[in-house]
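The structure under discussion appears below in the form of structure tokens.
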Amino acid sequence: MRAWSGVALAIVVGAGCGFLRVATCSTDADCSTGLVCDVERGVCEEPDPVAISSSSSGSSSSSASSAVSTSSASSTSSSSSSSSSSSSSSSSGTSASSTSSSITASSATSSTSSTSSSATATSSSSTASSTSSSSSTSSSSSSSSSSGNLLEIGCADGTREAYVDTVTEPDIAACAGGWSVGGTKSTLSLTPQCARAAGNSSANPTGTGCSIADLCADGWHVCDDDTEVASKAINGGCPPNGVDDVFWATRQAQNSGFNCDDDPAERNNVVGCGNIGTNGGCGPLGKEMKEADCPNTATWLCDGPGTEEEANVITHLSSLEGGALCCKDP
């Protein structure tokens, strides 16, 4: 029979009699405090020290295992959390990247749009500038054509009053204006006396201090006679008359018999073109201004009645009623 070392015997007192018996069990709960159930034999006994140690070790191991498991779970949770965080970061990074890309693309688009707008503005500005420059040049050219190119115009003040088409009539011009230095063939009348500051469009339209020569631009001169006018004018003669009363003087004069010749000493009358004065003249020059004609005008002076030297003394003190015919120098 096995030794019952450490086996506890319970004394059970029966009702009405006493006897000894071993307590039976199926679990530790069936045993008294401090005893454990030997399930194989169904009896309660004191715990085996080795079993206690083993049980404690197992419990510790279980606890440790549980702790490890918990730690592992915690680690897993942490890892999961990290992973989730990483995933979130990654997602955030992706979002940031996407946002960055979007911003970059937007910036690029904005930059491209801005560049395009800038280029368009520059182009428009350039076009506007070019158009303005072209318009200015055109305007300047137009102004030059009408009053800027004195060598082309022929009149000192830059405006023609007859033979106005400089392309059709490049060699002859009618220039309105006055002069106070007398004569068309006098010594002083042969050269400019006021630096060509004369003419109806000038600041000195009455020609104060000027001779008839001041009405013609530099490179031009007062037409000498009927022969030069015939050779310089496309139609071979005077310009068509307008509605205004005018007389266009030349250096052509007549002798005492009212005949035209080339004698430079002749001073009788002043011959030219226009619609005031006496009809006659010389060749294509159909008018003459003599001492009897000047009083019938508003602006021509022939130095009084009885003179036969109109070409030596005649003056014209206004920009009205004509001026001089100017011919281009050879």
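Every chain in the structure tokens has a letter given in the order shown (A, B, ...), and although residue numbers restart at 1 in each chain, ligands are simply numbered from 1 in the order shown.
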Which of region 163-253 of chain A fall in strand (DSSP E or B), as an mmCIF file with C-alpha atoms, in the first residue's frame:
```cif
data_model
loop_
_atom_site.group_PDB
_atom_site.id
_atom_site.type_symbol
_atom_site.label_atom_id
_atom_site.label_comp_id
_atom_site.auth_asym_id
_atom_site.auth_seq_id
_atom_site.Cartn_x
_atom_site.Cartn_y
_atom_site.Cartn_z
ATOM 1 C CA ILE A 172 7.703 125.571 -110.849
ATOM 2 C CA ALA A 173 5.604 126.916 -107.948
ATOM 3 C CA ALA A 174 3.391 129.909 -107.176
ATOM 4 C CA CYS A 175 4.301 131.341 -103.768
ATOM 5 C CA ALA A 176 1.997 133.837 -102.040
ATOM 6 C CA TRP A 179 7.850 142.082 -99.862
ATOM 7 C CA CYS A 216 11.447 131.283 -103.075
ATOM 8 C CA TRP A 220 14.865 128.048 -106.328
ATOM 9 C CA HIS A 221 14.648 131.591 -107.800
ATOM 10 C CA VAL A 222 12.056 134.017 -109.161
ATOM 11 C CA PHE A 247 -1.052 138.251 -109.737
ATOM 12 C CA TRP A 248 2.050 136.034 -109.892
ATOM 13 C CA ALA A 249 5.087 138.210 -110.745
#
```
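You can rank A:Asn255, A:Asn149, A:Thr33, A:Ser319 by their closest distance to Cys282 (chain A) using only C-alpha atoms, and at the top of that list sits A:Asn255.
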Give me, please, the distance in Å between CA of Asp293 (chain A) and CA of Gly277 (chain A), quoted to one decimal. 5.5 Å
Which is closest to Leu285 (chain A) among A:Asn259, A:Thr206, A:Thr250, A:Ser186, if we use only C-alpha atoms? A:Thr250
If we count only C-alpha atoms, what is near region 233-236 of chain A at a cut-off of 8 Å, once residues fewer than 4 positions away on the same chain are taken out, given as a VMD selection string? chain A and resid 168 to 169 171 to 172 229 284
Can you pull out every residue within 9 Å of Asn241 (chain A), counting only C-alpha atoms, but drop anything in the same chain fewer than 6 positions away, and send it as an NGL selection string? :A and (162 or 273-275)
Any idea what the distance is between CA of Ala197 (chain A) and CA of Ile212 (chain A)?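 So the answer is 11.2 Å.
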What are the DSSP helix (DSSP H, G or I) residues of region 127-305 of chain A, as number ranges by chain? A: 127-148, 150-153, 188-190, 212-215, 226-232, 294-296
In Å, rounded to a single decimal, give me how far CA of Trp300 (chain A) is from CA of Leu325 (chain A). 15.7 Å
All residues 7 Å or closer to Met289 (chain A), only C-alpha atoms, same chain fewer than 6 positions away omitted, as a list in words: Asn269, Val270, Val271, Gly277 and Thr278 of chain A
